[in-house]
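**Q** Input: one structure, supplied below.
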Amino acid sequence: MVNSGLGIGTIMPFVLVRGGYKEDTMKKNSLHLMFIGLLIALCVSGCATTGIYSVDMGYDAKDAMIPPYLKPDQKALQTIIGVAEFTDTRKIDDPLVIGRVIERNGMKVLVLPKRTRPTQAVADGIRQYLRKAGYNVSGVGELWNLREGTIPQAANSKVLIGGAITDMDVDCRRAFPTNTYTTKLKMTVYIADTVRKKILYHATVEASTSLEHVSFAEKRMGDQATIALGDAIERIFEKREMAQAIREALK
């Protein structure tokens with residue numbers, strides 16, 4: 001009996017150890033399967049496409065560096081500069097489309113503005129820039145078709161700024177290991193004398209951005225569009241001829 005007891009005593013710990021080993025192995029296998037399932041889910045979600053993408057774009061002039069020759073004198077502060085919503089002259093079937101996302105499978109998905117039309121975003125960006133420069137600027141007015149005969153007359157305003165977006169693409173090509181974000185913007189800005197109904201000056205400016213990033217996000221596309229918009233606005237007002245036209249109209 002003693003020997004059999006010792007036999008049982010020596011076998012039982014071995015059985016218990018073996019049982020613990022099996023439990024640990026089962027747990028490891030379960031975790032391994034869960035990890036594989038998670039990877040599959042991520043791959044599926046990464047390859048899945050949506051029907052549409054939407055982005056926000058808008059220029060904030062708080063950090064803009066204003067050229068000294070653009071800043072107004074006391075006489076210029078006695079009137080208000082009007083800003084009209086820009087027109088969209090791109091050769092495109094649907095003006096709401098501002099770009100495309102090329103998915104990993106080659107599918108092209110349209111990009112639309114989320115809240116603000118690009119024509120409104122450009123006009124509001126110019127308004128913010130001029131306010132940062134020190135001018136009195138009205139709110140964004142209605143569209144102006146850029147013809148002298150239709151220059152609107154606004155109260156207490158001698159100058160109207162309008163323009164047209166002639167080219168705009170907010171794109172992203174999704175790939176591995178990085179996604180390529182590209183944005184290009186081309187626009188023409190007009191300065192008009194609302195009293196004499198005359199276009200004083202116009203100029204065209206282009207801006208573009210490019211970014212490689214490991215992850216994809218609509219917000220990142222919007223950030224690139226915002227950077228391009230800011231570059232275009234600041235470049236147009238870096239032209240001394242633009243500042244001169246504004247000063248002449250305000251005299």
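Labels used: A, B, ... for chains in the order of the structure tokens, numbers from 1 for residues in each chain, and numbers from 1 for ligands as shown.
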From the DSSP assignment of the backbone, select every residue of range 82-162 of chain A that is alpha helix (DSSP H), and format the answer as JSON, numbers by chain.

**A** {"A": [118, 119, 120, 121, 122, 123, 124, 125, 126, 127, 128, 129, 130, 131, 132, 133]}

**Q** Please tabulate, as a Markdown table, the residues of range 107-217 of chain A that come within 8 Å of range 80-84 of chain A, each with its closest pair of atoms and the distance in Å to one decimal, counting only C-alpha atoms and ordering rows by chain, then residue number upward.

**A**
| residue | atom | partner | partner_atom | distance |
| --- | --- | --- | --- | --- |
| A:Ala123 | CA | A:Val83 | CA | 6.5 |
| A:Ile126 | CA | A:Val83 | CA | 7.9 |
| A:Arg127 | CA | A:Val83 | CA | 6.6 |
| A:Tyr135 | CA | A:Ile81 | CA | 7.4 |
| A:Asn136 | CA | A:Ile80 | CA | 5.0 |
| A:Val137 | CA | A:Ile81 | CA | 4.7 |
| A:Ser138 | CA | A:Gly82 | CA | 5.2 |
| A:Gly139 | CA | A:Val83 | CA | 6.9 |
| A:Val140 | CA | A:Val83 | CA | 5.2 |
| A:Gly141 | CA | A:Ala84 | CA | 4.5 |
| A:Glu142 | CA | A:Ala84 | CA | 5.5 |
| A:Leu143 | CA | A:Ala84 | CA | 5.5 |
| A:Trp144 | CA | A:Ala84 | CA | 6.1 |
| A:Ala154 | CA | A:Gly82 | CA | 7.3 |
| A:Asn156 | CA | A:Ile80 | CA | 5.9 |
| A:Ser157 | CA | A:Ile80 | CA | 4.7 |
| A:Lys158 | CA | A:Ile81 | CA | 6.7 |
| A:Val159 | CA | A:Ile81 | CA | 5.1 |
| A:Leu160 | CA | A:Gly82 | CA | 4.6 |
| A:Ile161 | CA | A:Val83 | CA | 4.8 |
| A:Gly162 | CA | A:Ala84 | CA | 5.0 |
| A:Gly163 | CA | A:Ala84 | CA | 7.9 |

**Q** Store the residues picked out above, limited to N, CA and C atoms, as a PDB file, in the first residue's frame.

**A**
ATOM      1  N   ALA A 123     -12.791  82.928 -50.858  1.00  0.00           N
ATOM      2  CA  ALA A 123     -13.204  84.307 -50.567  1.00  0.00           C
ATOM      3  C   ALA A 123     -13.053  84.626 -49.084  1.00  0.00           C
ATOM      4  N   ILE A 126      -9.370  85.158 -48.212  1.00  0.00           N
ATOM      5  CA  ILE A 126      -8.896  86.488 -48.612  1.00  0.00           C
ATOM      6  C   ILE A 126      -9.407  87.539 -47.645  1.00  0.00           C
ATOM      7  N   ARG A 127     -10.642  87.405 -47.225  1.00  0.00           N
ATOM      8  CA  ARG A 127     -11.211  88.344 -46.248  1.00  0.00           C
ATOM      9  C   ARG A 127     -10.410  88.323 -44.951  1.00  0.00           C
ATOM     10  N   TYR A 135      -7.129  96.083 -42.826  1.00  0.00           N
ATOM     11  CA  TYR A 135      -8.199  96.734 -43.596  1.00  0.00           C
ATOM     12  C   TYR A 135      -9.568  96.461 -42.969  1.00  0.00           C
ATOM     13  N   ASN A 136     -10.499  97.353 -43.292  1.00  0.00           N
ATOM     14  CA  ASN A 136     -11.900  97.113 -42.963  1.00  0.00           C
ATOM     15  C   ASN A 136     -12.509  96.319 -44.113  1.00  0.00           C
ATOM     16  N   VAL A 137     -12.985  95.135 -43.820  1.00  0.00           N
ATOM     17  CA  VAL A 137     -13.469  94.235 -44.870  1.00  0.00           C
ATOM     18  C   VAL A 137     -14.878  93.768 -44.527  1.00  0.00           C
ATOM     19  N   SER A 138     -15.732  93.775 -45.523  1.00  0.00           N
ATOM     20  CA  SER A 138     -17.096  93.318 -45.319  1.00  0.00           C
ATOM     21  C   SER A 138     -17.140  91.797 -45.280  1.00  0.00           C
ATOM     22  N   GLY A 139     -18.313  91.266 -45.003  1.00  0.00           N
ATOM     23  CA  GLY A 139     -18.492  89.821 -45.099  1.00  0.00           C
ATOM     24  C   GLY A 139     -18.483  89.401 -46.557  1.00  0.00           C
ATOM     25  N   VAL A 140     -18.369  88.103 -46.804  1.00  0.00           N
ATOM     26  CA  VAL A 140     -18.329  87.602 -48.183  1.00  0.00           C
ATOM     27  C   VAL A 140     -19.685  87.804 -48.833  1.00  0.00           C
ATOM     28  N   GLY A 141     -19.670  88.504 -49.980  1.00  0.00           N
ATOM     29  CA  GLY A 141     -20.906  88.794 -50.699  1.00  0.00           C
ATOM     30  C   GLY A 141     -21.225  87.748 -51.748  1.00  0.00           C
ATOM     31  N   GLU A 142     -22.202  88.052 -52.584  1.00  0.00           N
ATOM     32  CA  GLU A 142     -22.649  87.117 -53.603  1.00  0.00           C
ATOM     33  C   GLU A 142     -21.620  86.994 -54.728  1.00  0.00           C
ATOM     34  N   LEU A 143     -21.817  85.984 -55.548  1.00  0.00           N
ATOM     35  CA  LEU A 143     -20.924  85.756 -56.680  1.00  0.00           C
ATOM     36  C   LEU A 143     -20.896  86.960 -57.616  1.00  0.00           C
ATOM     37  N   TRP A 144     -19.699  87.250 -58.117  1.00  0.00           N
ATOM     38  CA  TRP A 144     -19.538  88.264 -59.163  1.00  0.00           C
ATOM     39  C   TRP A 144     -18.920  87.568 -60.363  1.00  0.00           C
ATOM     40  N   ALA A 154     -21.580  98.357 -53.313  1.00  0.00           N
ATOM     41  CA  ALA A 154     -21.863  98.084 -51.904  1.00  0.00           C
ATOM     42  C   ALA A 154     -21.740  99.373 -51.111  1.00  0.00           C
ATOM     43  N   ASN A 156     -20.592 102.096 -48.640  1.00  0.00           N
ATOM     44  CA  ASN A 156     -19.312 102.456 -48.020  1.00  0.00           C
ATOM     45  C   ASN A 156     -18.134 101.647 -48.565  1.00  0.00           C
ATOM     46  N   SER A 157     -18.274 101.104 -49.763  1.00  0.00           N
ATOM     47  CA  SER A 157     -17.195 100.300 -50.328  1.00  0.00           C
ATOM     48  C   SER A 157     -16.798 100.845 -51.690  1.00  0.00           C
ATOM     49  N   LYS A 158     -15.503 101.100 -51.865  1.00  0.00           N
ATOM     50  CA  LYS A 158     -14.975 101.550 -53.142  1.00  0.00           C
ATOM     51  C   LYS A 158     -14.257 100.440 -53.894  1.00  0.00           C
ATOM     52  N   VAL A 159     -13.940  99.389 -53.196  1.00  0.00           N
ATOM     53  CA  VAL A 159     -13.149  98.305 -53.788  1.00  0.00           C
ATOM     54  C   VAL A 159     -13.876  96.975 -53.627  1.00  0.00           C
ATOM     55  N   LEU A 160     -13.852  96.191 -54.690  1.00  0.00           N
ATOM     56  CA  LEU A 160     -14.408  94.840 -54.640  1.00  0.00           C
ATOM     57  C   LEU A 160     -13.334  93.861 -55.093  1.00  0.00           C
ATOM     58  N   ILE A 161     -13.164  92.799 -54.321  1.00  0.00           N
ATOM     59  CA  ILE A 161     -12.231  91.732 -54.680  1.00  0.00           C
ATOM     60  C   ILE A 161     -13.020  90.466 -54.976  1.00  0.00           C
ATOM     61  N   GLY A 162     -12.785  89.936 -56.138  1.00  0.00           N
ATOM     62  CA  GLY A 162     -13.423  88.680 -56.540  1.00  0.00           C
ATOM     63  C   GLY A 162     -12.419  87.829 -57.277  1.00  0.00           C
ATOM     64  N   GLY A 163     -12.901  86.773 -57.900  1.00  0.00           N
ATOM     65  CA  GLY A 163     -11.963  85.934 -58.629  1.00  0.00           C
ATOM     66  C   GLY A 163     -12.573  84.623 -59.064  1.00  0.00           C
TER      67      GLY A 163
END

**Q** Which residue out of A:Leu229, A:Ala192, A:Cys172, A:Leu70 has the minimum interatomic distance to Ser215 in chain A when only C-alpha atoms are used?

**A**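 Closest to Ser215 in chain A, using only C-alpha atoms: A:Cys172.
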
**Q** Once DSSP has gone over the backbone, tell me which residues of range 133-250 of chain A are in strand (DSSP E), as a VMD selection string.

**A** chain A and resid 137 to 141 157 to 173 179 to 193 198 to 213

**Q** Would you put the residues from that selection into a file with C-alpha atoms, as an mmCIF file, in the first residue's frame?

**A**
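The result, written out as out_35.cif:
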data_model
loop_
_atom_site.group_PDB
_atom_site.id
_atom_site.type_symbol
_atom_site.label_atom_id
_atom_site.label_comp_id
_atom_site.auth_asym_id
_atom_site.auth_seq_id
_atom_site.Cartn_x
_atom_site.Cartn_y
_atom_site.Cartn_z
ATOM 1 C CA VAL A 137 -13.469 94.235 -44.870
ATOM 2 C CA SER A 138 -17.096 93.318 -45.319
ATOM 3 C CA GLY A 139 -18.492 89.821 -45.099
ATOM 4 C CA VAL A 140 -18.329 87.602 -48.183
ATOM 5 C CA GLY A 141 -20.906 88.794 -50.699
ATOM 6 C CA SER A 157 -17.195 100.300 -50.328
ATOM 7 C CA LYS A 158 -14.975 101.550 -53.142
ATOM 8 C CA VAL A 159 -13.149 98.305 -53.788
ATOM 9 C CA LEU A 160 -14.408 94.840 -54.640
ATOM 10 C CA ILE A 161 -12.231 91.732 -54.680
ATOM 11 C CA GLY A 162 -13.423 88.680 -56.540
ATOM 12 C CA GLY A 163 -11.963 85.934 -58.629
ATOM 13 C CA ALA A 164 -12.160 82.467 -60.088
ATOM 14 C CA ILE A 165 -10.868 79.008 -59.264
ATOM 15 C CA THR A 166 -9.466 77.716 -62.558
ATOM 16 C CA ASP A 167 -7.933 74.459 -61.337
ATOM 17 C CA MET A 168 -8.189 72.435 -58.135
ATOM 18 C CA ASP A 169 -7.360 68.846 -57.243
ATOM 19 C CA VAL A 170 -7.267 67.333 -53.761
ATOM 20 C CA ASP A 171 -6.050 63.789 -54.359
ATOM 21 C CA CYS A 172 -4.639 60.772 -52.544
ATOM 22 C CA ARG A 173 -3.208 57.532 -53.902
ATOM 23 C CA ASN A 179 -0.139 56.967 -49.088
ATOM 24 C CA THR A 180 0.634 59.880 -51.412
ATOM 25 C CA TYR A 181 -1.332 63.089 -50.822
ATOM 26 C CA THR A 182 -1.194 65.767 -53.545
ATOM 27 C CA THR A 183 -3.039 69.056 -53.829
ATOM 28 C CA LYS A 184 -2.927 71.741 -56.495
ATOM 29 C CA LEU A 185 -4.814 75.008 -56.710
ATOM 30 C CA LYS A 186 -4.861 77.693 -59.385
ATOM 31 C CA MET A 187 -6.913 80.857 -59.069
ATOM 32 C CA THR A 188 -7.200 84.361 -60.493
ATOM 33 C CA VAL A 189 -7.929 87.352 -58.254
ATOM 34 C CA TYR A 190 -9.544 90.587 -59.507
ATOM 35 C CA ILE A 191 -9.496 94.084 -57.973
ATOM 36 C CA ALA A 192 -12.375 96.304 -59.090
ATOM 37 C CA ASP A 193 -13.329 99.933 -58.523
ATOM 38 C CA LYS A 198 -13.681 99.290 -63.673
ATOM 39 C CA ILE A 199 -11.364 96.322 -63.175
ATOM 40 C CA LEU A 200 -8.067 97.738 -61.941
ATOM 41 C CA TYR A 201 -5.901 94.653 -61.747
ATOM 42 C CA HIS A 202 -5.962 90.880 -61.901
ATOM 43 C CA ALA A 203 -3.352 88.215 -61.328
ATOM 44 C CA THR A 204 -3.138 84.431 -61.358
ATOM 45 C CA VAL A 205 -1.410 82.321 -58.734
ATOM 46 C CA GLU A 206 -0.745 78.604 -58.286
ATOM 47 C CA ALA A 207 0.057 76.526 -55.217
ATOM 48 C CA SER A 208 0.635 72.825 -54.624
ATOM 49 C CA THR A 209 1.497 70.389 -51.843
ATOM 50 C CA SER A 210 2.758 66.814 -51.635
ATOM 51 C CA LEU A 211 2.919 64.461 -48.655
ATOM 52 C CA GLU A 212 3.814 60.809 -48.037
ATOM 53 C CA HIS A 213 2.229 59.256 -44.960
#

**Q** Residues at most 9 Å from Gly125 in chain A, counting only C-alpha atoms, excluding those fewer than 5 positions away in the same chain, as a list of chain:residue names?

**A** A:Gly58, A:Tyr59, A:Asp60, A:Ala61, A:Gln120, A:Leu130, A:Leu229, A:Gly230, A:Ile233

**Q** Limited to N, CA and C atoms, could you put the picked residues into a file as a compact mmCIF listing (two decimals), in the first residue's frame?

**A**
# COMPACT_ATOMS: atom_id res chain seq x y z
N GLY A 58 -10.04 75.48 -45.15
CA GLY A 58 -10.28 76.86 -44.73
C GLY A 58 -8.99 77.49 -44.25
N TYR A 59 -8.78 78.73 -44.64
CA TYR A 59 -7.53 79.42 -44.33
C TYR A 59 -7.69 80.26 -43.06
N ASP A 60 -6.71 80.15 -42.17
CA ASP A 60 -6.67 80.96 -40.95
C ASP A 60 -5.46 81.88 -41.04
N ALA A 61 -5.71 83.19 -41.05
CA ALA A 61 -4.64 84.16 -41.29
C ALA A 61 -3.91 84.60 -40.04
N GLN A 120 -16.39 79.63 -51.65
CA GLN A 120 -16.62 80.38 -50.42
C GLN A 120 -15.37 80.37 -49.54
N LEU A 130 -6.93 90.07 -45.42
CA LEU A 130 -6.99 91.53 -45.46
C LEU A 130 -7.31 92.12 -44.09
N LEU A 229 -4.29 76.41 -50.10
CA LEU A 229 -5.10 77.63 -50.14
C LEU A 229 -4.36 78.79 -49.48
N GLY A 230 -3.76 78.54 -48.33
CA GLY A 230 -3.01 79.58 -47.63
C GLY A 230 -1.83 80.08 -48.45
N ILE A 233 -3.15 82.35 -51.32
CA ILE A 233 -3.60 83.67 -50.85
C ILE A 233 -2.41 84.56 -50.49

**Q** Distance table requested - range 110-179 of chain A against range 62-69 of chain A, cut-off 8 Å, only C-alpha atoms: one row per qualifying residue with the closest atom pair and its distance in Å to one decimal, ordered by chain and rising residue number, as a tab-separated table.

**A**
residue	atom	partner	partner_atom	distance
A:Tyr129	CA	A:Ala64	CA	7.4
A:Lys132	CA	A:Lys62	CA	7.0
A:Ala133	CA	A:Ile66	CA	6.0

**Q** Can those selected residues be exported to a file as a PDB file, in the first residue's frame so that it contains all heavy atoms?

**A**
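Writing the result to part.pdb gives the following:
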ATOM      1  N   TYR A 129      -7.305  87.405 -44.532  1.00  0.00           N
ATOM      2  CA  TYR A 129      -5.956  87.929 -44.760  1.00  0.00           C
ATOM      3  C   TYR A 129      -5.969  89.462 -44.742  1.00  0.00           C
ATOM      4  O   TYR A 129      -5.096  90.092 -44.119  1.00  0.00           O
ATOM      5  CB  TYR A 129      -5.424  87.415 -46.093  1.00  0.00           C
ATOM      6  CG  TYR A 129      -3.985  87.812 -46.355  1.00  0.00           C
ATOM      7  CD1 TYR A 129      -2.932  87.014 -45.912  1.00  0.00           C
ATOM      8  CD2 TYR A 129      -3.678  88.989 -47.043  1.00  0.00           C
ATOM      9  CE1 TYR A 129      -1.614  87.379 -46.150  1.00  0.00           C
ATOM     10  CE2 TYR A 129      -2.364  89.357 -47.284  1.00  0.00           C
ATOM     11  CZ  TYR A 129      -1.336  88.548 -46.836  1.00  0.00           C
ATOM     12  OH  TYR A 129      -0.035  88.911 -47.067  1.00  0.00           O
ATOM     13  N   LYS A 132      -6.361  90.760 -41.304  1.00  0.00           N
ATOM     14  CA  LYS A 132      -5.097  90.649 -40.577  1.00  0.00           C
ATOM     15  C   LYS A 132      -4.144  91.780 -40.981  1.00  0.00           C
ATOM     16  O   LYS A 132      -3.382  92.300 -40.151  1.00  0.00           O
ATOM     17  CB  LYS A 132      -4.454  89.291 -40.874  1.00  0.00           C
ATOM     18  CG  LYS A 132      -3.055  89.092 -40.262  1.00  0.00           C
ATOM     19  CD  LYS A 132      -3.099  89.037 -38.741  1.00  0.00           C
ATOM     20  CE  LYS A 132      -1.693  88.911 -38.138  1.00  0.00           C
ATOM     21  NZ  LYS A 132      -1.054  87.624 -38.462  1.00  0.00           N
ATOM     22  N   ALA A 133      -4.222  92.200 -42.246  1.00  0.00           N
ATOM     23  CA  ALA A 133      -3.375  93.297 -42.724  1.00  0.00           C
ATOM     24  C   ALA A 133      -3.804  94.642 -42.151  1.00  0.00           C
ATOM     25  O   ALA A 133      -3.031  95.600 -42.190  1.00  0.00           O
ATOM     26  CB  ALA A 133      -3.406  93.345 -44.250  1.00  0.00           C
TER      27      ALA A 133
END

**Q** In Å, rounded to a single decimal, give me how far CA of Val101 in chain A is from CA of Ala175 in chain A.

**A**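 Computing it gives 10.9 Å between the two atoms.
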